$ cat target12.txt   # compact mmCIF, C-alpha atoms and all ligand atoms
# COMPACT_ATOMS: atom_id res chain seq x y z
CA MET A 1 -4.23 -51.06 7.05
CA ALA A 2 -5.36 -47.63 8.24
CA PRO A 3 -7.83 -45.98 5.87
CA ARG A 4 -6.75 -43.05 3.70
CA VAL A 5 -8.15 -39.96 5.42
CA VAL A 6 -9.43 -37.65 2.69
CA SER A 7 -9.73 -34.01 3.69
CA LEU A 8 -12.78 -32.32 2.20
CA THR A 9 -11.79 -29.09 3.92
CA PRO A 10 -10.12 -25.98 2.48
CA ALA A 11 -6.96 -25.98 4.57
CA VAL A 12 -5.15 -29.23 5.33
CA PHE A 13 -5.35 -31.76 2.51
CA HIS A 14 -3.09 -34.09 0.56
CA LEU A 15 -0.40 -32.21 -1.36
CA PRO A 16 1.47 -32.98 -4.59
CA GLU A 17 4.12 -35.70 -4.44
CA GLY A 18 6.83 -33.12 -5.26
CA VAL A 19 5.89 -31.12 -2.15
CA ASN A 20 5.96 -34.28 -0.02
CA ALA A 21 9.35 -35.21 -1.50
CA VAL A 22 10.75 -31.90 -0.20
CA SER A 23 9.40 -32.68 3.27
CA ARG A 24 11.12 -36.08 3.26
CA ALA A 25 14.51 -34.94 1.93
CA TYR A 26 14.96 -31.56 3.60
CA GLY A 27 16.23 -32.79 6.99
CA ALA A 28 19.32 -34.22 5.32
CA GLN A 29 19.92 -31.17 3.10
CA PRO A 30 18.71 -27.97 4.75
CA ILE A 31 19.15 -24.57 3.11
CA VAL A 32 20.69 -21.77 5.14
CA PRO A 33 18.74 -18.49 4.88
CA ARG A 34 21.85 -16.42 4.17
CA GLY A 35 23.67 -19.15 2.25
CA PRO A 36 24.26 -19.40 -1.52
CA ALA A 37 21.19 -21.54 -2.31
CA PHE A 38 18.70 -19.12 -0.74
CA ALA A 39 18.65 -16.21 -3.20
CA PRO A 40 18.18 -18.39 -6.32
CA LEU A 41 15.34 -20.24 -4.57
CA LEU A 42 13.58 -17.01 -3.65
CA ALA A 43 14.09 -15.66 -7.19
CA ALA A 44 12.61 -18.85 -8.67
CA ILE A 45 9.42 -18.69 -6.64
CA ARG A 46 9.05 -14.92 -7.15
CA SER A 47 9.14 -15.34 -10.91
CA GLY A 48 7.15 -18.61 -10.74
CA VAL A 49 4.25 -16.91 -8.97
CA THR A 50 4.03 -13.92 -11.28
CA ALA A 51 4.29 -16.21 -14.34
CA ALA A 52 1.59 -18.59 -13.05
CA LEU A 53 -0.75 -15.70 -12.29
CA ARG A 54 0.22 -13.70 -15.43
CA ALA A 55 0.86 -10.82 -13.07
CA SER A 56 3.98 -9.23 -14.54
CA GLU A 57 3.11 -5.74 -13.23
CA TYR A 58 2.82 -7.05 -9.64
CA GLU A 59 5.48 -7.75 -7.04
CA PRO A 60 5.00 -10.91 -4.99
CA VAL A 61 5.92 -10.81 -1.30
CA PHE A 62 6.24 -13.99 0.79
CA LEU A 63 5.49 -14.02 4.49
CA THR A 64 5.59 -16.60 7.24
CA GLY A 65 1.97 -17.18 8.21
CA THR A 66 -1.47 -17.94 6.84
CA GLY A 67 -4.08 -16.11 4.79
CA SER A 68 -4.88 -13.85 7.74
CA THR A 69 -1.23 -12.76 7.83
CA ALA A 70 -1.54 -11.63 4.21
CA MET A 71 -4.73 -9.73 5.09
CA ALA A 72 -2.98 -7.91 7.95
CA ALA A 73 0.05 -7.17 5.77
CA VAL A 74 -1.95 -5.58 2.94
CA LEU A 75 -4.24 -3.56 5.22
CA GLY A 76 -1.30 -2.44 7.36
CA SER A 77 1.04 -1.59 4.47
CA CYS A 78 -0.99 -0.31 1.50
CA LEU A 79 -3.18 2.41 3.05
CA HIS A 80 -2.49 5.82 4.48
CA PRO A 81 -3.96 5.91 8.02
CA THR A 82 -6.45 8.57 6.92
CA GLU A 83 -7.73 6.80 3.80
CA ARG A 84 -11.35 5.73 4.04
CA LEU A 85 -11.79 2.04 3.25
CA LEU A 86 -15.08 0.70 1.91
CA VAL A 87 -15.29 -2.85 3.26
CA ILE A 88 -17.77 -4.96 1.30
CA ARG A 89 -18.54 -7.90 3.55
CA ASN A 90 -20.92 -10.77 2.96
CA GLY A 91 -19.11 -13.62 4.68
CA ALA A 92 -16.73 -14.59 7.48
CA TYR A 93 -13.61 -13.27 5.75
CA GLY A 94 -15.22 -9.97 4.87
CA ASP A 95 -15.92 -9.74 8.59
CA ARG A 96 -12.24 -10.43 9.18
CA LEU A 97 -11.21 -7.64 6.78
CA HIS A 98 -13.45 -5.33 8.80
CA GLU A 99 -12.04 -6.58 12.12
CA PHE A 100 -8.41 -6.12 11.01
CA ALA A 101 -9.03 -2.67 9.49
CA ARG A 102 -10.75 -1.61 12.71
CA ALA A 103 -7.78 -2.87 14.76
CA LEU A 104 -5.53 -0.67 12.61
CA GLY A 105 -7.79 2.31 13.26
CA GLN A 106 -8.62 2.67 9.54
CA PRO A 107 -11.60 4.93 8.84
CA MET A 108 -14.20 2.73 7.18
CA VAL A 109 -17.43 2.70 5.24
CA ASP A 110 -18.98 -0.60 6.30
CA MET A 111 -21.12 -2.41 3.72
CA ASP A 112 -22.32 -5.16 6.04
CA LEU A 113 -24.49 -7.61 4.08
CA PRO A 114 -26.14 -10.91 4.97
CA TYR A 115 -23.74 -13.81 4.29
CA GLY A 116 -23.79 -14.78 0.62
CA GLU A 117 -25.77 -11.76 -0.60
CA ARG A 118 -24.42 -10.16 -3.76
CA PRO A 119 -23.23 -6.59 -3.15
CA ASP A 120 -25.34 -3.93 -4.83
CA LEU A 121 -22.97 -2.44 -7.40
CA ASP A 122 -25.06 0.71 -7.83
CA ARG A 123 -24.55 1.37 -4.12
CA VAL A 124 -20.79 0.82 -4.47
CA ASP A 125 -20.76 3.14 -7.50
CA ALA A 126 -22.67 5.81 -5.58
CA ILE A 127 -20.35 5.64 -2.54
CA LEU A 128 -17.26 5.92 -4.74
CA GLY A 129 -18.87 8.55 -6.98
CA ARG A 130 -19.68 10.76 -3.98
CA GLY A 131 -16.06 10.45 -2.88
CA GLU A 132 -16.99 8.81 0.44
CA ALA A 133 -14.22 6.18 0.22
CA ASP A 134 -10.64 6.13 -1.08
CA ALA A 135 -10.22 2.36 -1.34
CA VAL A 136 -12.27 -0.83 -1.39
CA ALA A 137 -11.64 -4.21 0.20
CA VAL A 138 -13.55 -7.35 -0.78
CA VAL A 139 -13.15 -11.13 -0.74
CA TYR A 140 -13.14 -12.91 -4.12
CA GLY A 141 -13.66 -16.59 -3.27
CA ALA A 142 -16.13 -16.32 -0.38
CA THR A 143 -15.24 -19.47 1.52
CA SER A 144 -18.13 -19.29 3.97
CA SER A 145 -20.77 -19.43 1.21
CA CYS A 146 -18.65 -21.21 -1.47
CA SER A 147 -19.47 -18.47 -3.97
CA LEU A 148 -17.63 -15.74 -5.90
CA ASN A 149 -18.02 -12.01 -5.39
CA PRO A 150 -18.26 -9.79 -8.50
CA VAL A 151 -14.67 -8.55 -8.21
CA ALA A 152 -14.25 -7.73 -11.92
CA GLU A 153 -17.30 -5.44 -11.73
CA ILE A 154 -16.17 -3.85 -8.46
CA GLY A 155 -12.73 -3.36 -10.04
CA ALA A 156 -14.27 -1.56 -13.02
CA LEU A 157 -15.95 0.86 -10.59
CA CYS A 158 -12.69 1.38 -8.69
CA LYS A 159 -10.90 2.10 -11.97
CA ARG A 160 -13.59 4.56 -13.08
CA HIS A 161 -13.40 6.46 -9.78
CA GLY A 162 -9.64 6.11 -9.32
CA LYS A 163 -9.77 4.08 -6.09
CA LYS A 164 -7.49 1.37 -4.72
CA LEU A 165 -8.89 -2.16 -4.69
CA PHE A 166 -7.68 -4.78 -2.22
CA VAL A 167 -8.86 -8.32 -2.83
CA ASP A 168 -8.75 -11.26 -0.45
CA GLY A 169 -7.79 -13.95 -2.92
CA VAL A 170 -6.78 -16.46 -0.25
CA SER A 171 -9.14 -19.19 -1.45
CA ALA A 172 -9.20 -18.14 -5.11
CA LEU A 173 -5.62 -17.56 -6.30
CA PHE A 174 -4.19 -20.33 -8.49
CA VAL A 175 -7.55 -22.05 -8.92
CA GLU A 176 -10.14 -19.45 -9.95
CA PRO A 177 -8.93 -17.60 -13.05
CA MET A 178 -8.25 -13.95 -12.08
CA GLU A 179 -7.17 -11.08 -14.32
CA LEU A 180 -5.45 -8.99 -11.69
CA GLY A 181 -4.42 -6.14 -13.99
CA ALA A 182 -7.56 -6.02 -16.14
CA TRP A 183 -9.76 -6.09 -13.04
CA GLY A 184 -7.98 -3.09 -11.57
CA ILE A 185 -6.71 -4.88 -8.45
CA SER A 186 -4.13 -2.89 -6.46
CA ALA A 187 -3.05 -5.67 -4.10
CA VAL A 188 -4.09 -9.25 -3.40
CA MET A 189 -3.98 -11.14 -0.13
CA GLY A 190 -3.04 -14.71 -1.01
CA SER A 191 -1.99 -18.07 0.28
CA CYS A 192 0.66 -20.63 -0.65
CA ASN A 193 -1.59 -23.40 0.66
CA LYS A 194 -5.15 -23.44 -0.70
CA GLY A 195 -5.09 -23.21 -4.52
CA LEU A 196 -1.32 -23.57 -4.76
CA HIS A 197 -1.15 -26.81 -2.70
CA ALA A 198 1.86 -26.08 -0.47
CA HIS A 199 1.67 -26.14 3.33
CA PRO A 200 -0.39 -23.58 5.26
CA ASN A 201 2.64 -21.94 6.87
CA LEU A 202 3.83 -19.59 4.16
CA THR A 203 1.63 -16.93 2.64
CA MET A 204 1.88 -14.36 -0.06
CA CYS A 205 0.69 -10.95 -1.20
CA LEU A 206 0.90 -9.37 -4.64
CA VAL A 207 1.20 -5.60 -4.90
CA ARG A 208 0.90 -3.63 -8.15
CA GLU A 209 4.12 -1.78 -8.95
CA ASP A 210 2.58 1.72 -9.01
CA LEU A 211 1.07 1.15 -5.55
CA LEU A 212 4.39 -0.19 -4.29
CA ALA A 213 6.03 3.05 -5.39
CA GLU A 214 3.38 5.05 -3.50
CA MET A 215 3.82 2.81 -0.46
CA GLN A 216 7.42 4.05 -0.01
CA ARG A 217 5.78 7.15 1.50
CA LEU A 218 3.20 5.31 3.62
CA PRO A 219 3.74 4.35 7.26
CA GLN A 220 4.08 0.58 7.60
CA ARG A 221 1.72 -0.21 10.44
CA ALA A 222 1.88 -4.00 10.87
CA PRO A 223 5.20 -4.80 12.58
CA SER A 224 7.11 -7.66 10.89
CA LEU A 225 4.61 -7.60 7.99
CA GLU A 226 5.85 -4.38 6.33
CA LEU A 227 5.38 -5.14 2.64
CA VAL A 228 7.64 -2.28 1.51
CA LYS A 229 10.58 -3.45 3.60
CA ILE A 230 10.06 -7.15 2.87
CA GLN A 231 9.59 -6.69 -0.87
CA ALA A 232 12.80 -4.63 -1.08
CA ALA A 233 14.74 -7.36 0.71
CA GLN A 234 13.20 -10.22 -1.28
CA ALA A 235 13.88 -8.49 -4.63
CA LYS A 236 17.57 -8.61 -3.59
CA GLY A 237 17.38 -12.28 -2.56
CA SER A 238 17.04 -11.94 1.18
CA HIS A 239 14.39 -11.56 3.89
CA PRO A 240 14.49 -9.20 6.90
CA TYR A 241 13.24 -11.81 9.38
CA THR A 242 13.61 -15.57 9.61
CA ILE A 243 11.76 -17.40 6.87
CA ASP A 244 11.70 -21.17 6.51
CA PRO A 245 13.61 -22.27 3.38
CA MET A 246 11.89 -25.67 3.47
CA SER A 247 8.57 -23.88 2.97
CA LEU A 248 10.06 -21.94 0.04
CA LEU A 249 11.23 -25.21 -1.51
CA GLN A 250 7.75 -26.66 -1.04
CA VAL A 251 6.27 -23.64 -2.81
CA LYS A 252 8.71 -24.20 -5.68
CA ALA A 253 7.57 -27.83 -5.92
CA ALA A 254 3.93 -26.74 -5.72
CA LEU A 255 4.48 -24.29 -8.60
CA GLU A 256 6.02 -27.11 -10.65
CA ALA A 257 3.00 -29.32 -9.92
CA LEU A 258 0.68 -26.48 -10.94
CA GLU A 259 2.58 -26.05 -14.19
CA ALA A 260 2.37 -29.81 -14.88
CA GLU A 261 -1.42 -29.58 -14.53
CA GLY A 262 -1.59 -26.80 -17.14
CA GLY A 263 -1.26 -23.82 -14.83
CA VAL A 264 -4.22 -22.01 -13.31
CA ALA A 265 -6.48 -22.91 -16.28
CA GLY A 266 -5.59 -26.58 -15.95
CA ARG A 267 -6.15 -26.63 -12.21
CA HIS A 268 -9.41 -24.78 -12.62
CA ALA A 269 -10.54 -27.45 -15.09
CA ILE A 270 -9.62 -30.22 -12.63
CA TYR A 271 -11.55 -28.54 -9.82
CA SER A 272 -14.49 -27.83 -12.12
CA ALA A 273 -14.70 -31.52 -13.08
CA ARG A 274 -14.77 -32.44 -9.38
CA ALA A 275 -17.43 -29.82 -8.71
CA ALA A 276 -19.61 -31.10 -11.57
CA LEU A 277 -19.34 -34.72 -10.44
CA LEU A 278 -20.03 -33.88 -6.80
CA ARG A 279 -22.84 -31.39 -7.34
CA GLU A 280 -24.68 -33.85 -9.61
CA GLY A 281 -24.19 -36.47 -6.88
CA TYR A 282 -25.41 -34.19 -4.07
CA GLU A 283 -28.61 -33.45 -5.95
CA ARG A 284 -29.09 -37.14 -6.77
CA LEU A 285 -28.83 -37.84 -3.03
CA GLY A 286 -31.56 -35.29 -2.35
CA LEU A 287 -29.28 -32.59 -0.89
CA THR A 288 -29.89 -28.90 -1.62
CA ILE A 289 -26.98 -26.76 -2.79
CA ALA A 290 -26.92 -23.28 -1.21
CA ARG A 291 -27.09 -20.62 -3.91
CA TRP A 292 -27.38 -16.82 -3.81
CA GLU A 293 -28.70 -14.80 -6.71
CA GLY A 294 -25.99 -13.33 -8.90
CA MET A 295 -23.22 -15.15 -7.01
CA PRO A 296 -21.61 -17.94 -9.08
CA LEU A 297 -20.54 -21.03 -7.14
CA SER A 298 -16.81 -21.20 -6.43
CA SER A 299 -14.89 -24.10 -7.92
CA ILE A 300 -13.32 -25.20 -4.62
CA GLY A 301 -16.33 -26.45 -2.69
CA THR A 302 -20.06 -26.48 -2.10
CA ALA A 303 -22.26 -25.27 0.74
CA LEU A 304 -25.24 -27.54 1.33
CA GLU A 305 -28.37 -27.37 3.43
CA ILE A 306 -28.20 -29.63 6.48
CA PRO A 307 -30.79 -32.32 5.72
CA ALA A 308 -33.82 -32.61 8.02
CA ASN A 309 -33.19 -36.24 9.02
CA VAL A 310 -29.58 -36.01 10.25
CA SER A 311 -27.50 -33.50 12.23
CA TYR A 312 -24.26 -32.12 10.78
CA GLU A 313 -22.32 -33.64 13.70
CA ALA A 314 -23.76 -37.14 13.14
CA LEU A 315 -23.09 -36.93 9.39
CA ALA A 316 -19.52 -35.69 9.87
CA HIS A 317 -18.86 -38.39 12.50
CA ARG A 318 -20.06 -41.22 10.28
CA LEU A 319 -18.04 -39.99 7.30
CA ALA A 320 -14.90 -39.61 9.43
CA THR A 321 -15.17 -43.01 11.12
CA GLU A 322 -16.90 -45.45 8.75
CA GLU A 323 -14.48 -46.72 6.13
CA VAL A 324 -15.71 -47.04 2.53
CA ASP A 325 -13.37 -48.69 -0.02
CA GLY A 326 -10.36 -47.89 2.19
CA HIS A 327 -11.24 -44.22 2.70
CA THR A 328 -12.69 -42.01 5.41
CA PHE A 329 -13.71 -38.42 4.78
CA GLU A 330 -13.55 -35.22 6.81
CA ILE A 331 -16.09 -32.54 5.92
CA TYR A 332 -16.53 -29.00 7.27
CA ALA A 333 -19.19 -27.15 9.25
CA ALA A 334 -20.39 -23.81 7.92
CA GLN A 335 -19.12 -20.64 9.61
CA GLY A 336 -20.77 -18.36 12.11
CA LYS A 337 -24.14 -17.13 10.97
CA LEU A 338 -24.57 -19.95 8.45
CA SER A 339 -23.68 -22.91 10.68
CA ALA A 340 -27.21 -23.65 11.87
CA ARG A 341 -28.43 -24.08 8.28
CA LEU A 342 -25.49 -25.18 6.14
CA PHE A 343 -22.42 -27.38 6.03
CA ARG A 344 -19.60 -27.40 3.48
CA ILE A 345 -17.75 -29.95 1.40
CA PHE A 346 -14.57 -28.78 -0.32
CA HIS A 347 -12.69 -30.66 -3.03
CA MET A 348 -9.21 -29.14 -2.75
CA GLY A 349 -5.82 -30.83 -2.93
CA SER A 350 -4.13 -33.66 -4.79
CA TYR A 351 -6.79 -36.31 -5.20
CA GLU A 352 -7.83 -38.33 -8.21
CA LEU A 353 -11.40 -37.93 -9.46
CA ASP A 354 -12.34 -41.48 -8.37
CA VAL A 355 -11.89 -40.46 -4.72
CA TYR A 356 -14.98 -38.27 -5.09
CA ARG A 357 -16.97 -41.20 -6.49
CA VAL A 358 -16.06 -43.17 -3.37
CA PHE A 359 -17.06 -40.15 -1.30
CA LEU A 360 -20.48 -39.96 -2.92
CA ARG A 361 -21.04 -43.64 -2.00
CA ALA A 362 -19.95 -42.90 1.59
CA LEU A 363 -22.19 -39.86 1.71
CA GLY A 364 -25.18 -41.85 0.43
CA ARG A 365 -24.57 -44.43 3.14
CA ALA A 366 -24.14 -41.82 5.88
CA LEU A 367 -27.32 -40.04 4.85
CA GLY A 368 -29.11 -43.36 5.31
C1 LIG B 1 -11.21 -16.16 1.79
C2 LIG B 1 -10.31 -16.40 2.96
N1 LIG B 1 -9.63 -15.37 3.49
C3 LIG B 1 -8.82 -15.52 4.53
C4 LIG B 1 -8.65 -16.74 5.14
C5 LIG B 1 -7.80 -16.77 6.35
O1 LIG B 1 -6.97 -17.80 6.42
P1 LIG B 1 -6.43 -18.33 7.83
O2 LIG B 1 -7.56 -18.49 8.79
O3 LIG B 1 -5.83 -19.62 7.42
O4 LIG B 1 -5.45 -17.36 8.28
C6 LIG B 1 -9.34 -17.87 4.63
C7 LIG B 1 -9.24 -19.18 5.25
O5 LIG B 1 -9.93 -20.12 4.94
C8 LIG B 1 -10.20 -17.66 3.53
O6 LIG B 1 -10.89 -18.69 3.00

$ encode --input "target12.txt" --output "structure tokens"
Amino acid sequence: MAPRVVSLTPAVFHLPEGVNAVSRAYGAQPIVPRGPAFAPLLAAIRSGVTAALRASEYEPVFLTGTGSTAMAAVLGSCLHPTERLLVIRNGAYGDRLHEFARALGQPMVDMDLPYGERPDLDRVDAILGRGEADAVAVVYGATSSCSLNPVAEIGALCKRHGKKLFVDGVSALFVEPMELGAWGISAVMGSCNKGLHAHPNLTMCLVREDLLAEMQRLPQRAPSLELVKIQAAQAKGSHPYTIDPMSLLQVKAALEALEAEGGVAGRHAIYSARAALLREGYERLGLTIARWEGMPLSSIGTALEIPANVSYEALAHRLATEEVDGHTFEIYAAQGKLSARLFRIFHMGSYELDVYRVFLRALGRALG
């Protein structure tokens, strides 16, 4: 029998059985986008998302695409073209925020930090206090360093100075507890895949209601990703473009699976247990966990130093090809600037805890 391929990556991994059941049944019973089953389905996932995230003062908007689509939609829909955006970047997705804002021609204050380094909050406070920026964009779960940015603290500064705060929550929503309202977040770029465990083809943004009202007067600059237009349609049970109802059904099933695990708190506890087991195992095997001062580790994965006696490629190849107890494992290189020094192991998706015990045995073997 072929081994079970376990994905230790943050994108494509095993999904809940309810999501897989949709994939199997849908061909025989498709839903027509303008038919009678569509509006109730959209309404169910709209209310399911805001309930799961305790985000009653936010409007969810679903889009065909991935996390990057949500980033483009927020940057292109929530800012006036003259607003100055402070981009706090200390990882690959902060770089992407900067790249997308530059493509839109947004005036920017660029806080370009070494990957993983905690942003200096006094500097952020000073920039906002001097009125040099009108809005801030930052990543919460920094996937390239597997750490968390101080978004609550940045949000408190934005609140104090009356600035908009846009958060890339792509790898954090549904798994890292977030207090969107209390943290002063204006809009979140999200995902229906990562922490929610549906497929990576439907994405999501959340926009605070007061910002949405202001956005009626803002030019919508990302064609086909206009959050104002799409939110208005979705609130009435439709969508201005084609959207895949199977993906919406999978999101509904993923929300049910999340609820069955105890919601975001329950899923966070599951991921934390995996992280504790794995991190203890990594250290027992002599690996060094990458840490940055003042940056807590994320609960979705761990960045590790590449050991001196084996290359990342050789390690990844052995784990992906040598079967241990019926399993093979796919791990992830680090990104860009960090890839010469680090590699990453994520523990996302629908796996039982014992899978990670098998993985630690495989890792011990592969490390020789
Ligand atoms: C924090 C963060 N933002 C944005 C993205 C972009 O997602 P994608 O490349 O799937 O569009 C990712 C993907 O891993 C991410 O981790």

$ residues_near_ligand --input "target12.txt" --ligand "ligand LIG 1 (chain B)" --cutoff "9 Å" --atoms "only C-alpha atoms and all ligand atoms" --output "MDAnalysis selection string"
chainID A and resid 10:11 65:71 91:94 96:97 139:144 168:172 189:191 193:194 200:201

$ write_last_selection --input "target12.txt" --atoms "C-alpha atoms" --output "short mmCIF file (atom, residue, chain, number, x, y, z; two decimals), in the coordinates of the input"
data_model
loop_
_atom_site.label_atom_id
_atom_site.label_comp_id
_atom_site.auth_asym_id
_atom_site.auth_seq_id
_atom_site.Cartn_x
_atom_site.Cartn_y
_atom_site.Cartn_z
CA PRO A 10 -10.12 -25.98 2.48
CA ALA A 11 -6.96 -25.98 4.57
CA GLY A 65 1.97 -17.18 8.21
CA THR A 66 -1.47 -17.94 6.84
CA GLY A 67 -4.08 -16.11 4.79
CA SER A 68 -4.88 -13.85 7.74
CA THR A 69 -1.23 -12.76 7.83
CA ALA A 70 -1.54 -11.63 4.21
CA MET A 71 -4.73 -9.73 5.09
CA GLY A 91 -19.11 -13.62 4.68
CA ALA A 92 -16.73 -14.59 7.48
CA TYR A 93 -13.61 -13.27 5.75
CA GLY A 94 -15.22 -9.97 4.87
CA ARG A 96 -12.24 -10.43 9.18
CA LEU A 97 -11.21 -7.64 6.78
CA VAL A 139 -13.15 -11.13 -0.74
CA TYR A 140 -13.14 -12.91 -4.12
CA GLY A 141 -13.66 -16.59 -3.27
CA ALA A 142 -16.13 -16.32 -0.38
CA THR A 143 -15.24 -19.47 1.52
CA SER A 144 -18.13 -19.29 3.97
CA ASP A 168 -8.75 -11.26 -0.45
CA GLY A 169 -7.79 -13.95 -2.92
CA VAL A 170 -6.78 -16.46 -0.25
CA SER A 171 -9.14 -19.19 -1.45
CA ALA A 172 -9.20 -18.14 -5.11
CA MET A 189 -3.98 -11.14 -0.13
CA GLY A 190 -3.04 -14.71 -1.01
CA SER A 191 -1.99 -18.07 0.28
CA ASN A 193 -1.59 -23.40 0.66
CA LYS A 194 -5.15 -23.44 -0.70
CA PRO A 200 -0.39 -23.58 5.26
CA ASN A 201 2.64 -21.94 6.87
#

$ residues_around --input "target12.txt" --residues "region 288-294 of chain A" --least-positions-apart "2" --cutoff "9 Å" --atoms "all atoms listed in the file" --output "list in words"
Gly116, Glu117, Arg118, Ser145, Cys146, Ser147, Asn149, Pro150, Arg279, Tyr282, Glu283, Gly286, Pro296, Leu297, Thr302, Ala303, Leu304, Glu305, Ile306, Pro307 and Leu342 of chain A

$ atom_distance --input "target12.txt" --atom1 "CA of His268 (chain A)" --atom2 "CA of Ile45 (chain A)"
20.7 Å

$ closest_residue --input "target12.txt" --among "A:Arg54, A:Arg274, A:His14, A:Arg4" --to "Leu353 (chain A)" --atoms "all atoms listed in the file"
A:Arg274

$ closest_residue --input "target12.txt" --among "A:Thr203, A:Ala28, A:Met295, A:Gln335" --to "Ser247 (chain A)" --atoms "all atoms listed in the file"
A:Thr203

$ closest_residue --input "target12.txt" --among "A:Gln231, A:Val175, A:Ala39, A:Ala156" --to "Gly349 (chain A)" --atoms "only C-alpha atoms"
A:Val175

$ residues_around --input "target12.txt" --residues "region 18-25 of chain A" --least-positions-apart "5" --cutoff "7 Å" --atoms "all atoms listed in the file" --output "tab-separated table (two decimals) with C-alpha atoms, in the frame of the given file"
chain	number	residue	atom	x	y	z
A	198	ALA	CA	1.86	-26.08	-0.47
A	249	LEU	CA	11.23	-25.21	-1.51
A	250	GLN	CA	7.75	-26.66	-1.04
A	253	ALA	CA	7.57	-27.83	-5.92
A	254	ALA	CA	3.93	-26.74	-5.72

$ atom_distance --input "target12.txt" --atom1 "CA of Gln106 (chain A)" --atom2 "CA of His161 (chain A)"
20.3 Å

$ closest_residue --input "target12.txt" --among "A:Ala2, A:Leu173, A:Met215, A:Leu8" --to "Val355 (chain A)" --atoms "only C-alpha atoms"
A:Leu8

$ atom_distance --input "target12.txt" --atom1 "CA of Ser224 (chain A)" --atom2 "CA of Ala133 (chain A)"
27.6 Å

$ residues_around --input "target12.txt" --residues "Leu41 (chain A)" --least-positions-apart "4" --cutoff "9 Å" --atoms "all atoms listed in the file" --output "list of chain:residue names"
A:Ala37, A:Ile45, A:Arg46, A:Gly237, A:Pro245, A:Leu248, A:Leu249, A:Lys252

$ closest_residue --input "target12.txt" --among "A:Ala44, A:Glu352, A:Met1, A:Ser299" --to "Glu323 (chain A)" --atoms "only C-alpha atoms"
A:Met1

$ residues_around --input "target12.txt" --residues "Arg357 (chain A)" --least-positions-apart "3" --cutoff "8 Å" --atoms "all atoms listed in the file" --output "list of chain:residue names"
A:Leu277, A:Leu278, A:Leu353, A:Asp354, A:Leu360, A:Arg361

$ closest_residue --input "target12.txt" --among "A:Ile270, A:Glu322, A:Phe100, A:His199" --to "Gly76 (chain A)" --atoms "all atoms listed in the file"
A:Phe100
